[in-house]
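I have placed the structure first, in the form of structure tokens, so that the comments after it can refer back to it.
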Amino acid sequence: MLRAGSMSAELGVGFALRAVNERVQQAVARRPRDLPAIQPRLVAVSKTKPADMVIEAYGHGQRTFGENYILSSCPEIKWHFIGHLQKQNVNKLMAVPNLFMLETVDSMKLADKVNSSWQKKGSPERLKVMVQINTSGEDSK
């Protein structure tokens with residue numbers, strides 16, 4: 001497994017991004033031809049990385065980031081919000097420019113709040129959402 005975080009510290013963010021994208025393209029080329037065509041998207045998870053490192057990756061062409069905090073200095077970023085979203089923070093998150101995907105919604109109450117807040121925003125785009133499903137039946141999950 002290629003860990004871009006350790007590579008970026010030693011060789012630079014641009015080198016790490018190129019190396020990871022190359023590995024993604026190689027994996028796509030190996031997929032069975034009878035499967036539908038896919039358009040891979042590298043989501044750079046920037047959690048715990050300093051803002052200047054995110055801006056550097058942005059400068060090297062990375063536009064899709066997974067984050068649990070938001071930077072506003074890179075206008076073409078497609079933000080994937082990762083991690084648990086608390087209901088009291090939904091309106092603040094929905095106000096983020098370029099919010100592309102919410103990962104993950106784990107309750108109907110949260111889904112309803114997200115839907116209501118997104119509709120109030122009046123965006124012509126649909127918000128992409130990943131839904132977390134408890135497949136084990138365990139109450140603690």
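For the structure tokens, the naming scheme is as follows: chains receive sequential letters (A, B, ...) according to their order of presentation, residues are indexed from 1 within each chain, and ligands are indexed from 1 in presentation order.
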
Using DSSP secondary structure from the backbone, list all alpha helix (DSSP H) positions within stretch 52-131 of chain A, as a list in words.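 Reading the DSSP output for stretch 52-131 of chain A, alpha helix (DSSP H) covers Asp52, Met53, Val54, Ile55, Glu56, Ala57, Tyr58, Gly59, Val90, Asn91, Lys92, Leu93, Met94, Met108, Lys109, Leu110, Ala111, Asp112, Lys113, Val114, Asn115, Ser116, Ser117, Trp118, Gln119, Lys120 and Lys121 of chain A.
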
What lies within 9 Å of A:Leu99 using only C-alpha atoms, ignoring chain neighbours under 5 positions off, as number ranges by chain? A: 77-81, 93-94, 127

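Restricting the calculation to only C-alpha atoms, the smallest distance between A:Leu102 and any of A:Gln88, A:Ile133, A:His60, A:Gly66 is found for A:Gly66.
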
Pick from A:Asn115, A:Ser123, A:Thr135, A:Gln62, whichever lies nearest to A:Lys87 using only C-alpha atoms: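 Of A:Asn115, A:Ser123, A:Thr135, A:Gln62, the one nearest A:Lys87 is A:Asn115, counting only C-alpha atoms.
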
Leaving out A:Val54 and any residue of its chain fewer than 5 positions from it, which residues lie within 9 Å of it when counting only C-alpha atoms, given as a CSV table (one decimal) with C-alpha atoms, in the first residue's frame?
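Now in result32.csv:
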```csv
chain,number,residue,atom,x,y,z
A,13,VAL,CA,3.4,16.8,-2.2
A,44,ALA,CA,-6.9,13.4,-0.8
A,46,SER,CA,-6.0,16.0,4.4
A,49,LYS,CA,-2.2,18.1,7.7
A,59,GLY,CA,-1.4,24.0,-6.5
A,62,GLN,CA,-5.5,18.1,-6.7
A,65,PHE,CA,-10.2,16.6,-0.6
A,71,LEU,CA,-10.4,25.8,3.9
```
